[in-house]
$ cat upload28.pdb   # PDB, C-alpha atoms, pLDDT in the B column
ATOM      1  CA  MET A  13      17.862   5.779  -9.502  1.00 94.00           C
ATOM      2  CA  LYS A  14      14.073   5.559  -9.227  1.00 97.00           C
ATOM      3  CA  ARG A  15      12.425   7.174  -6.220  1.00 98.00           C
ATOM      4  CA  ILE A  16       9.669   5.537  -4.146  1.00 98.00           C
ATOM      5  CA  VAL A  17       7.424   7.252  -1.603  1.00 98.00           C
ATOM      6  CA  ILE A  18       5.325   5.005   0.625  1.00 98.00           C
ATOM      7  CA  PHE A  19       2.062   5.906   2.368  1.00 98.00           C
ATOM      8  CA  ALA A  20       1.138   3.768   5.387  1.00 97.00           C
ATOM      9  CA  SER A  21      -1.317   4.016   8.282  1.00 96.00           C
ATOM     10  CA  GLY A  22      -0.338   1.229  10.650  1.00 94.00           C
ATOM     11  CA  SER A  23       2.433  -1.117  11.673  1.00 94.00           C
ATOM     12  CA  GLY A  24       4.393  -0.757   8.453  1.00 96.00           C
ATOM     13  CA  SER A  25       5.463  -4.338   7.813  1.00 97.00           C
ATOM     14  CA  ASN A  26       4.961  -3.890   4.056  1.00 97.00           C
ATOM     15  CA  ALA A  27       6.803  -0.565   4.164  1.00 98.00           C
ATOM     16  CA  GLU A  28       9.716  -2.164   6.023  1.00 98.00           C
ATOM     17  CA  ASN A  29       9.791  -5.037   3.538  1.00 98.00           C
ATOM     18  CA  LEU A  30       9.996  -2.574   0.629  1.00 98.00           C
ATOM     19  CA  ILE A  31      12.649  -0.423   2.330  1.00 98.00           C
ATOM     20  CA  LYS A  32      14.845  -3.459   3.016  1.00 98.00           C
ATOM     21  CA  PHE A  33      14.289  -4.886  -0.486  1.00 98.00           C
ATOM     22  CA  PHE A  34      15.462  -1.672  -2.168  1.00 97.00           C
ATOM     23  CA  HIS A  35      18.172  -0.808   0.401  1.00 95.00           C
ATOM     24  CA  ASN A  36      21.062  -2.075  -1.743  1.00 92.00           C
ATOM     25  CA  SER A  37      19.322  -1.769  -5.102  1.00 94.00           C
ATOM     26  CA  ASN A  38      20.936   0.001  -8.023  1.00 94.00           C
ATOM     27  CA  ASN A  39      17.490   0.590  -9.537  1.00 93.00           C
ATOM     28  CA  ALA A  40      15.396   2.259  -6.840  1.00 97.00           C
ATOM     29  CA  SER A  41      15.156   3.338  -3.230  1.00 97.00           C
ATOM     30  CA  VAL A  42      12.462   4.299  -0.764  1.00 98.00           C
ATOM     31  CA  ILE A  43      13.159   7.954  -0.123  1.00 98.00           C
ATOM     32  CA  GLN A  44      10.283   8.763   2.218  1.00 98.00           C
ATOM     33  CA  VAL A  45       7.341   7.346   4.155  1.00 98.00           C
ATOM     34  CA  LEU A  46       4.248   9.424   4.845  1.00 98.00           C
ATOM     35  CA  THR A  47       1.547   8.492   7.354  1.00 98.00           C
ATOM     36  CA  ASN A  48      -1.808   9.857   8.439  1.00 98.00           C
ATOM     37  CA  ASN A  49      -1.297   8.371  11.909  1.00 97.00           C
ATOM     38  CA  PRO A  50       1.171  10.185  14.198  1.00 96.00           C
ATOM     39  CA  HIS A  51       1.287   7.064  16.430  1.00 97.00           C
ATOM     40  CA  ALA A  52       1.777   4.513  13.642  1.00 96.00           C
ATOM     41  CA  LYS A  53       4.441   1.891  14.267  1.00 97.00           C
ATOM     42  CA  VAL A  54       5.706   2.555  10.726  1.00 97.00           C
ATOM     43  CA  LEU A  55       7.351   5.722  12.135  1.00 97.00           C
ATOM     44  CA  ASP A  56       9.444   3.621  14.545  1.00 97.00           C
ATOM     45  CA  ARG A  57      10.402   1.234  11.755  1.00 97.00           C
ATOM     46  CA  CYS A  58      11.520   4.152   9.568  1.00 97.00           C
ATOM     47  CA  LYS A  59      13.599   5.624  12.370  1.00 97.00           C
ATOM     48  CA  LYS A  60      15.430   2.294  12.817  1.00 97.00           C
ATOM     49  CA  LEU A  61      15.910   1.970   9.053  1.00 97.00           C
ATOM     50  CA  LYS A  62      17.051   5.603   8.696  1.00 97.00           C
ATOM     51  CA  VAL A  63      14.327   6.557   6.213  1.00 97.00           C
ATOM     52  CA  SER A  64      12.640   9.953   6.313  1.00 97.00           C
ATOM     53  CA  ALA A  65       9.103   9.710   7.706  1.00 98.00           C
ATOM     54  CA  LEU A  66       6.459  12.359   8.251  1.00 97.00           C
ATOM     55  CA  SER A  67       2.914  12.345   9.555  1.00 97.00           C
ATOM     56  CA  PHE A  68       0.152  14.614   8.319  1.00 98.00           C
ATOM     57  CA  ASN A  69      -3.474  15.354   9.081  1.00 97.00           C
ATOM     58  CA  ARG A  70      -6.572  15.246   6.881  1.00 97.00           C
ATOM     59  CA  ILE A  71      -6.443  18.986   6.138  1.00 97.00           C
ATOM     60  CA  ALA A  72      -2.837  18.753   4.896  1.00 97.00           C
ATOM     61  CA  PHE A  73      -3.787  15.741   2.780  1.00 98.00           C
ATOM     62  CA  SER A  74      -7.078  16.580   1.154  1.00 96.00           C
ATOM     63  CA  LYS A  75      -7.992  20.197   1.918  1.00 96.00           C
ATOM     64  CA  SER A  76      -4.687  21.901   1.116  1.00 97.00           C
ATOM     65  CA  GLU A  77      -1.678  21.239  -1.067  1.00 97.00           C
ATOM     66  CA  ASP A  78       0.697  20.497   1.843  1.00 98.00           C
ATOM     67  CA  VAL A  79       1.115  16.779   1.105  1.00 98.00           C
ATOM     68  CA  LEU A  80       1.054  17.446  -2.631  1.00 98.00           C
ATOM     69  CA  ASN A  81       3.913  19.923  -2.178  1.00 98.00           C
ATOM     70  CA  ILE A  82       5.905  17.324  -0.208  1.00 98.00           C
ATOM     71  CA  LEU A  83       5.406  14.915  -3.103  1.00 98.00           C
ATOM     72  CA  ARG A  84       6.370  17.541  -5.660  1.00 98.00           C
ATOM     73  CA  ALA A  85       9.608  18.152  -3.742  1.00 97.00           C
ATOM     74  CA  SER A  86      10.299  14.409  -3.438  1.00 97.00           C
ATOM     75  CA  LYS A  87       9.731  13.777  -7.165  1.00 98.00           C
ATOM     76  CA  PRO A  88       8.673  10.137  -6.756  1.00 98.00           C
ATOM     77  CA  ASP A  89       8.675   7.795  -9.720  1.00 98.00           C
ATOM     78  CA  LEU A  90       6.160   5.658  -7.834  1.00 98.00           C
ATOM     79  CA  ILE A  91       3.867   6.258  -4.852  1.00 98.00           C
ATOM     80  CA  VAL A  92       3.104   3.024  -3.022  1.00 98.00           C
ATOM     81  CA  LEU A  93       0.170   2.660  -0.646  1.00 98.00           C
ATOM     82  CA  ALA A  94       1.049  -0.036   1.863  1.00 96.00           C
ATOM     83  CA  GLY A  95      -1.747  -0.300   4.384  1.00 93.00           C
ATOM     84  CA  PHE A  96      -2.848   3.290   3.850  1.00 96.00           C
ATOM     85  CA  LEU A  97      -6.501   3.721   4.800  1.00 92.00           C
ATOM     86  CA  TRP A  98      -7.568   7.099   3.430  1.00 95.00           C
ATOM     87  CA  LYS A  99      -8.988   7.667  -0.023  1.00 95.00           C
ATOM     88  CA  PHE A 100      -6.427   9.422  -2.208  1.00 95.00           C
ATOM     89  CA  PRO A 101      -7.526  12.906  -3.362  1.00 96.00           C
ATOM     90  CA  GLU A 102      -8.118  13.327  -7.083  1.00 96.00           C
ATOM     91  CA  PHE A 103      -5.865  16.396  -7.291  1.00 97.00           C
ATOM     92  CA  ILE A 104      -2.883  14.313  -6.143  1.00 97.00           C
ATOM     93  CA  LEU A 105      -3.812  11.436  -8.456  1.00 98.00           C
ATOM     94  CA  ASN A 106      -4.062  13.890 -11.369  1.00 97.00           C
ATOM     95  CA  GLU A 107      -0.571  15.204 -10.683  1.00 97.00           C
ATOM     96  CA  PHE A 108       0.903  11.679 -10.379  1.00 98.00           C
ATOM     97  CA  GLU A 109      -1.147   9.898 -13.024  1.00 95.00           C
ATOM     98  CA  ASN A 110      -0.433   6.153 -13.206  1.00 95.00           C
ATOM     99  CA  LYS A 111       2.201   6.521 -10.494  1.00 98.00           C
ATOM    100  CA  VAL A 112       0.103   5.545  -7.442  1.00 98.00           C
ATOM    101  CA  ILE A 113      -0.381   1.860  -6.587  1.00 98.00           C
ATOM    102  CA  ASN A 114      -1.977  -0.002  -3.699  1.00 98.00           C
ATOM    103  CA  ILE A 115      -1.860  -3.487  -2.249  1.00 97.00           C
ATOM    104  CA  HIS A 116      -5.210  -4.961  -1.197  1.00 97.00           C
ATOM    105  CA  PRO A 117      -5.597  -8.122   0.945  1.00 97.00           C
ATOM    106  CA  ALA A 118      -8.156  -9.841  -1.323  1.00 98.00           C
ATOM    107  CA  LEU A 119      -8.708 -10.834  -4.923  1.00 98.00           C
ATOM    108  CA  LEU A 120     -10.393  -7.734  -6.278  1.00 98.00           C
ATOM    109  CA  PRO A 121     -13.087  -7.025  -7.286  1.00 97.00           C
ATOM    110  CA  LYS A 122     -14.175  -9.211  -4.355  1.00 97.00           C
ATOM    111  CA  TYR A 123     -13.978  -7.631  -0.904  1.00 98.00           C
ATOM    112  CA  GLY A 124     -12.972  -4.159  -2.020  1.00 96.00           C
ATOM    113  CA  GLY A 125     -14.401  -0.747  -1.298  1.00 94.00           C
ATOM    114  CA  LYS A 126     -14.781   1.611   1.617  1.00 92.00           C
ATOM    115  CA  GLY A 127     -14.223  -0.082   4.972  1.00 92.00           C
ATOM    116  CA  MET A 128     -12.736  -3.211   3.411  1.00 95.00           C
ATOM    117  CA  TYR A 129      -9.222  -3.396   4.819  1.00 94.00           C
ATOM    118  CA  GLY A 130      -7.167  -5.673   7.051  1.00 93.00           C
ATOM    119  CA  MET A 131      -9.136  -7.975   9.328  1.00 96.00           C
ATOM    120  CA  HIS A 132     -12.464  -6.728   7.917  1.00 97.00           C
ATOM    121  CA  VAL A 133     -11.535  -8.376   4.611  1.00 98.00           C
ATOM    122  CA  HIS A 134     -10.320 -11.600   6.231  1.00 98.00           C
ATOM    123  CA  ASN A 135     -13.504 -11.821   8.352  1.00 98.00           C
ATOM    124  CA  ALA A 136     -15.638 -11.487   5.218  1.00 98.00           C
ATOM    125  CA  VAL A 137     -13.614 -14.153   3.395  1.00 98.00           C
ATOM    126  CA  VAL A 138     -14.050 -16.640   6.261  1.00 98.00           C
ATOM    127  CA  GLU A 139     -17.731 -15.777   6.866  1.00 97.00           C
ATOM    128  CA  ASN A 140     -18.525 -16.313   3.184  1.00 97.00           C
ATOM    129  CA  LYS A 141     -16.701 -19.658   3.206  1.00 97.00           C
ATOM    130  CA  GLU A 142     -14.421 -18.710   0.309  1.00 98.00           C
ATOM    131  CA  THR A 143     -12.108 -21.481  -0.863  1.00 98.00           C
ATOM    132  CA  GLU A 144      -9.426 -19.060  -2.037  1.00 98.00           C
ATOM    133  CA  THR A 145      -8.306 -15.512  -1.421  1.00 98.00           C
ATOM    134  CA  GLY A 146      -5.159 -13.568  -2.100  1.00 98.00           C
ATOM    135  CA  ILE A 147      -3.656 -10.169  -2.765  1.00 98.00           C
ATOM    136  CA  THR A 148      -4.203  -7.612  -5.485  1.00 98.00           C
ATOM    137  CA  ILE A 149      -1.748  -4.904  -6.456  1.00 98.00           C
ATOM    138  CA  HIS A 150      -3.526  -2.244  -8.470  1.00 98.00           C
ATOM    139  CA  TYR A 151      -3.332   1.322  -9.682  1.00 98.00           C
ATOM    140  CA  VAL A 152      -5.204   3.823  -7.541  1.00 98.00           C
ATOM    141  CA  ASN A 153      -7.994   5.859  -9.059  1.00 96.00           C
ATOM    142  CA  GLU A 154     -10.720   8.087  -7.601  1.00 93.00           C
ATOM    143  CA  ASN A 155     -12.689   5.087  -6.228  1.00 93.00           C
ATOM    144  CA  TYR A 156     -11.682   2.648  -3.500  1.00 93.00           C
ATOM    145  CA  ASP A 157     -10.057  -0.481  -4.950  1.00 96.00           C
ATOM    146  CA  GLU A 158     -11.307   0.055  -8.520  1.00 96.00           C
ATOM    147  CA  GLY A 159      -8.058   0.923 -10.333  1.00 97.00           C
ATOM    148  CA  ALA A 160      -6.580  -1.332 -13.003  1.00 97.00           C
ATOM    149  CA  ILE A 161      -5.177  -4.586 -11.624  1.00 98.00           C
ATOM    150  CA  ILE A 162      -1.416  -5.024 -11.993  1.00 98.00           C
ATOM    151  CA  PHE A 163      -0.899  -8.369 -10.215  1.00 98.00           C
ATOM    152  CA  GLN A 164      -2.751 -10.964  -8.156  1.00 98.00           C
ATOM    153  CA  ALA A 165      -1.515 -13.925  -6.117  1.00 98.00           C
ATOM    154  CA  LYS A 166      -3.806 -16.557  -4.646  1.00 98.00           C
ATOM    155  CA  CYS A 167      -3.846 -18.900  -1.683  1.00 98.00           C
ATOM    156  CA  ASP A 168      -6.272 -21.579  -0.560  1.00 98.00           C
ATOM    157  CA  VAL A 169      -8.638 -21.047   2.338  1.00 98.00           C
ATOM    158  CA  GLU A 170      -9.330 -24.250   4.226  1.00 97.00           C
ATOM    159  CA  ALA A 171     -12.693 -24.795   5.935  1.00 96.00           C
ATOM    160  CA  SER A 172     -10.811 -24.981   9.246  1.00 97.00           C
ATOM    161  CA  ASP A 173      -8.917 -21.682   8.720  1.00 98.00           C
ATOM    162  CA  SER A 174      -9.555 -18.965  11.283  1.00 97.00           C
ATOM    163  CA  VAL A 175      -9.524 -15.285  10.390  1.00 97.00           C
ATOM    164  CA  GLU A 176      -6.000 -15.141  11.847  1.00 98.00           C
ATOM    165  CA  ASP A 177      -4.908 -18.078   9.649  1.00 98.00           C
ATOM    166  CA  VAL A 178      -6.134 -16.217   6.576  1.00 98.00           C
ATOM    167  CA  ALA A 179      -4.357 -13.038   7.725  1.00 97.00           C
ATOM    168  CA  LYS A 180      -1.064 -14.971   8.033  1.00 98.00           C
ATOM    169  CA  LYS A 181      -1.446 -16.430   4.532  1.00 98.00           C
ATOM    170  CA  ILE A 182      -2.126 -12.977   3.079  1.00 98.00           C
ATOM    171  CA  HIS A 183       0.815 -11.458   4.948  1.00 97.00           C
ATOM    172  CA  LYS A 184       3.087 -14.158   3.508  1.00 98.00           C
ATOM    173  CA  LEU A 185       1.874 -13.372  -0.033  1.00 98.00           C
ATOM    174  CA  GLU A 186       2.456  -9.650   0.539  1.00 98.00           C
ATOM    175  CA  MET A 187       6.004 -10.187   1.793  1.00 98.00           C
ATOM    176  CA  GLU A 188       6.774 -12.559  -1.072  1.00 98.00           C
ATOM    177  CA  HIS A 189       5.355 -10.599  -4.018  1.00 98.00           C
ATOM    178  CA  PHE A 190       5.010  -6.873  -3.282  1.00 98.00           C
ATOM    179  CA  PRO A 191       8.672  -5.798  -3.629  1.00 98.00           C
ATOM    180  CA  GLY A 192       9.184  -7.667  -6.887  1.00 97.00           C
ATOM    181  CA  VAL A 193       6.041  -6.220  -8.468  1.00 98.00           C
ATOM    182  CA  VAL A 194       7.119  -2.705  -7.430  1.00 98.00           C
ATOM    183  CA  GLU A 195      10.568  -3.303  -8.922  1.00 97.00           C
ATOM    184  CA  LYS A 196       9.108  -4.538 -12.226  1.00 96.00           C
ATOM    185  CA  LEU A 197       6.901  -1.437 -12.476  1.00 96.00           C
ATOM    186  CA  LEU A 198       9.914   0.809 -11.984  1.00 96.00           C
ATOM    187  CA  ILE A 199      12.201  -0.813 -14.529  1.00 88.00           C
ATOM    188  CA  LYS A 200       9.741  -1.346 -17.370  1.00 73.00           C
TER     189      LYS A 200
END
$ encode --input "upload28.pdb" --output "C-alpha coordinates"
Amino acid sequence: MKRIVIFASGSGSNAENLIKFFHNSNNASVIQVLTNNPHAKVLDRCKKLKVSALSFNRIAFSKSEDVLNILRASKPDLIVLAGFLWKFPEFILNEFENKVINIHPALLPKYGGKGMYGMHVHNAVVENKETETGITIHYVNENYDEGAIIFQAKCDVEASDSVEDVAKKIHKLEMEHFPGVVEKLLIK
(Lines of atoms letter the chains of each structure in order from A and count residues from 1; the text may use other names and numbers.)
(Lines give C-alpha, C1' and ligand atoms only; values in the text may rest on other atoms or scores of the structure.)
Protein backbone atom coordinates (compact mmCIF):
# COMPACT_ATOMS: atom_id res chain seq x y z
CA MET A 1 0.00 0.00 0.00
CA LYS A 2 1.46 3.33 -1.11
CA ARG A 3 1.51 6.17 1.41
CA ILE A 4 0.49 9.76 0.61
CA VAL A 5 1.16 12.83 2.76
CA ILE A 6 -0.66 16.02 1.79
CA PHE A 7 0.42 19.59 2.55
CA ALA A 8 -2.34 22.22 2.48
CA SER A 9 -2.75 25.81 3.67
CA GLY A 10 -6.44 26.57 3.29
CA SER A 11 -9.87 25.05 2.96
CA GLY A 12 -8.64 21.64 1.88
CA SER A 13 -11.11 20.78 -0.86
CA ASN A 14 -8.36 19.11 -2.92
CA ALA A 15 -7.10 17.29 0.17
CA GLU A 16 -10.61 16.03 0.94
CA ASN A 17 -11.06 14.92 -2.67
CA LEU A 18 -7.81 12.92 -2.50
CA ILE A 19 -8.65 11.40 0.90
CA LYS A 20 -12.07 10.26 -0.32
CA PHE A 21 -10.67 8.98 -3.64
CA PHE A 22 -8.12 6.75 -1.90
CA HIS A 23 -10.34 5.79 1.07
CA ASN A 24 -11.25 2.35 -0.30
CA SER A 25 -8.24 1.95 -2.59
CA ASN A 26 -6.10 -1.16 -2.54
CA ASN A 27 -3.21 0.84 -4.01
CA ALA A 28 -2.74 3.87 -1.77
CA SER A 29 -4.06 5.91 1.12
CA VAL A 30 -3.63 9.39 2.52
CA ILE A 31 -1.94 8.77 5.84
CA GLN A 32 -1.45 12.35 7.00
CA VAL A 33 -2.16 16.00 6.24
CA LEU A 34 0.24 18.74 7.29
CA THR A 35 -0.60 22.45 7.30
CA ASN A 36 1.22 25.69 7.99
CA ASN A 37 -2.05 27.30 9.10
CA PRO A 38 -3.37 26.29 12.54
CA HIS A 39 -6.79 27.73 11.57
CA ALA A 40 -7.04 26.08 8.15
CA LYS A 41 -10.38 24.47 7.34
CA VAL A 42 -8.43 21.43 6.10
CA LEU A 43 -7.96 20.48 9.78
CA ASP A 44 -11.74 20.26 10.27
CA ARG A 45 -12.10 18.20 7.10
CA CYS A 46 -9.41 15.78 8.30
CA LYS A 47 -11.08 15.41 11.68
CA LYS A 48 -14.38 14.47 10.00
CA LEU A 49 -12.59 12.07 7.65
CA LYS A 50 -10.53 10.54 10.48
CA VAL A 51 -7.16 11.37 8.92
CA SER A 52 -4.20 12.48 11.02
CA ALA A 53 -3.53 16.21 10.64
CA LEU A 54 -0.88 18.43 12.17
CA SER A 55 -0.01 22.10 11.90
CA PHE A 56 3.50 23.49 12.05
CA ASN A 57 5.23 26.85 11.99
CA ARG A 58 7.91 28.26 9.69
CA ILE A 59 10.74 27.36 12.08
CA ALA A 60 9.64 23.70 12.22
CA PHE A 61 9.36 23.66 8.43
CA SER A 62 12.41 25.44 7.13
CA LYS A 63 14.76 26.24 10.02
CA SER A 64 14.81 22.87 11.78
CA GLU A 65 14.27 19.25 10.86
CA ASP A 66 10.95 18.92 12.74
CA VAL A 67 8.75 18.56 9.64
CA LEU A 68 11.43 16.52 7.90
CA ASN A 69 11.45 14.12 10.85
CA ILE A 70 7.65 13.79 10.67
CA LEU A 71 8.02 12.90 7.00
CA ARG A 72 10.81 10.43 7.72
CA ALA A 73 8.56 8.71 10.27
CA SER A 74 5.60 8.69 7.85
CA LYS A 75 7.66 7.21 4.99
CA PRO A 76 5.52 8.70 2.20
CA ASP A 77 5.74 7.34 -1.31
CA LEU A 78 4.40 10.68 -2.52
CA ILE A 79 4.09 14.14 -0.97
CA VAL A 80 1.24 16.11 -2.51
CA LEU A 81 0.96 19.88 -2.23
CA ALA A 82 -2.70 20.79 -2.49
CA GLY A 83 -3.06 24.51 -2.00
CA PHE A 84 0.12 24.77 0.04
CA LEU A 85 1.55 28.28 -0.14
CA TRP A 86 5.07 28.08 1.25
CA LYS A 87 8.16 27.34 -0.80
CA PHE A 88 9.41 23.83 -0.04
CA PRO A 89 12.89 23.76 1.56
CA GLU A 90 15.65 22.20 -0.52
CA PHE A 91 16.73 19.88 2.31
CA ILE A 92 13.29 18.23 2.31
CA LEU A 93 13.21 18.06 -1.49
CA ASN A 94 16.67 16.43 -1.47
CA GLU A 95 15.49 13.75 0.94
CA PHE A 96 12.31 13.06 -1.08
CA GLU A 97 13.67 13.52 -4.59
CA ASN A 98 10.98 13.22 -7.29
CA LYS A 99 8.39 12.45 -4.62
CA VAL A 100 6.92 15.96 -4.15
CA ILE A 101 4.22 17.21 -6.53
CA ASN A 102 2.03 20.30 -6.67
CA ILE A 103 -1.17 21.35 -8.37
CA HIS A 104 -1.20 24.87 -9.83
CA PRO A 105 -4.36 26.69 -11.03
CA ALA A 106 -2.95 27.77 -14.41
CA LEU A 107 -1.21 26.39 -17.46
CA LEU A 108 2.42 26.74 -16.45
CA PRO A 109 4.74 28.37 -17.31
CA LYS A 110 2.07 31.09 -17.51
CA TYR A 111 0.97 32.63 -14.22
CA GLY A 112 3.44 30.82 -11.99
CA GLY A 113 5.92 32.04 -9.43
CA LYS A 114 5.91 33.69 -6.04
CA GLY A 115 2.56 35.22 -5.14
CA MET A 116 0.73 33.46 -7.98
CA TYR A 117 -1.86 31.31 -6.25
CA GLY A 118 -5.64 31.04 -6.01
CA MET A 119 -7.58 34.16 -6.95
CA HIS A 120 -4.37 36.04 -7.84
CA VAL A 121 -3.93 33.65 -10.77
CA HIS A 122 -7.57 33.85 -11.86
CA ASN A 123 -7.49 37.68 -11.69
CA ALA A 124 -4.41 37.73 -13.93
CA VAL A 125 -6.03 35.33 -16.42
CA VAL A 126 -9.15 37.51 -16.70
CA GLU A 127 -7.23 40.82 -16.77
CA ASN A 128 -5.03 39.54 -19.60
CA LYS A 129 -8.08 38.38 -21.55
CA GLU A 130 -6.81 34.82 -21.90
CA THR A 131 -9.01 32.54 -24.00
CA GLU A 132 -7.98 29.41 -22.10
CA THR A 133 -6.54 28.44 -18.75
CA GLY A 134 -6.33 25.24 -16.78
CA ILE A 135 -4.41 23.27 -14.20
CA THR A 136 -0.86 21.99 -14.07
CA ILE A 137 0.34 19.13 -11.91
CA HIS A 138 4.11 19.25 -11.64
CA TYR A 139 7.08 18.05 -9.64
CA VAL A 140 8.32 20.51 -7.05
CA ASN A 141 11.86 21.81 -7.25
CA GLU A 142 13.73 24.64 -5.51
CA ASN A 143 11.87 27.34 -7.51
CA TYR A 144 8.18 28.23 -7.41
CA ASP A 145 6.23 26.42 -10.14
CA GLU A 146 9.28 25.47 -12.23
CA GLY A 147 9.41 21.69 -11.71
CA ALA A 148 8.82 19.25 -14.56
CA ILE A 149 5.22 19.16 -15.76
CA ILE A 150 3.39 15.87 -15.20
CA PHE A 151 -0.10 16.75 -16.49
CA GLN A 152 -2.16 19.68 -17.75
CA ALA A 153 -5.89 20.07 -18.38
CA LYS A 154 -7.42 23.05 -20.14
CA CYS A 155 -10.69 24.93 -20.14
CA ASP A 156 -11.98 27.85 -22.18
CA VAL A 157 -12.25 31.33 -20.75
CA GLU A 158 -15.14 33.27 -22.22
CA ALA A 159 -14.94 37.06 -22.59
CA SER A 160 -17.91 37.30 -20.20
CA ASP A 161 -16.32 35.08 -17.50
CA SER A 162 -15.76 36.72 -14.12
CA VAL A 163 -12.83 35.82 -11.90
CA GLU A 164 -15.24 33.66 -9.89
CA ASP A 165 -16.38 31.86 -13.07
CA VAL A 166 -12.76 31.03 -13.88
CA ALA A 167 -12.18 29.83 -10.29
CA LYS A 168 -15.17 27.46 -10.59
CA LYS A 169 -13.88 26.03 -13.88
CA ILE A 170 -10.43 25.45 -12.37
CA HIS A 171 -11.92 23.85 -9.25
CA LYS A 172 -13.89 21.46 -11.47
CA LEU A 173 -10.71 20.47 -13.35
CA GLU A 174 -8.88 19.91 -10.05
CA MET A 175 -11.63 17.68 -8.67
CA GLU A 176 -11.85 15.74 -11.92
CA HIS A 177 -8.16 15.12 -12.63
CA PHE A 178 -5.99 15.42 -9.51
CA PRO A 179 -6.79 12.06 -7.84
CA GLY A 180 -6.32 10.07 -11.03
CA VAL A 181 -2.97 11.68 -11.81
CA VAL A 182 -1.78 10.98 -8.25
CA GLU A 183 -2.90 7.35 -8.58
CA LYS A 184 -1.07 6.91 -11.90
CA LEU A 185 2.15 8.29 -10.38
CA LEU A 186 1.92 5.81 -7.52
CA ILE A 187 1.30 2.70 -9.58
CA LYS A 188 3.78 3.27 -12.40
$ resolve_selection --input "upload28.pdb" --expression "the PyMOL selection byres ((chain A and resi 43-49) around 6)" --output "PyMOL selection string"
chain A and resi 16-21+41-42+50-52+64-69
$ residues_around --input "upload28.pdb" --residues "range 124-132 of chain A" --least-positions-apart "3" --cutoff "8 Å" --atoms "only C-alpha atoms" --output "PyMOL selection string"
chain A and resi 97+116-118+120-121+135-136+155-158+175+179
$ atom_distance --input "upload28.pdb" --atom1 "CA of Phe100 in chain A" --atom2 "CA of Val63 in chain A"
22.6 Å
$ residues_around --input "upload28.pdb" --residues "Lys181 in chain A" --least-positions-apart "5" --cutoff "12 Å" --atoms "all atoms listed in the file" --output "list in words"
Pro117, Ala118, His134, Glu144, Thr145, Gly146, Ile147, Ala165, Lys166, Cys167, Asp168, Val169, Glu170, Asp173, Ser174, Val175, Glu176, Glu186, Met187 and Glu188 of chain A
$ residues_around --input "upload28.pdb" --residues "Glu195 in chain A" --least-positions-apart "3" --cutoff "8 Å" --atoms "all atoms listed in the file" --output "PyMOL selection string"
chain A and resi 39-40+191-192+198-199
$ atom_distance --input "upload28.pdb" --atom1 "CA of Pro101 in chain A" --atom2 "CA of Pro88 in chain A"
16.8 Å
$ closest_residue --input "upload28.pdb" --among "A:Lys122, A:Lys60, A:Asn81, A:Lys180" --to "Glu107 in chain A" --atoms "all atoms listed in the file"
A:Asn81
$ resolve_selection --input "upload28.pdb" --expression "the PyMOL selection byres ((chain A and resi 24) around 9)" --output "number ranges by chain"
A: 20-23, 25-29, 52-55, 57-58, 94-95
$ closest_residue --input "upload28.pdb" --among "A:His189, A:Lys87, A:Lys111, A:Lys184" --to "Leu30 in chain A" --atoms "only C-alpha atoms"
A:His189
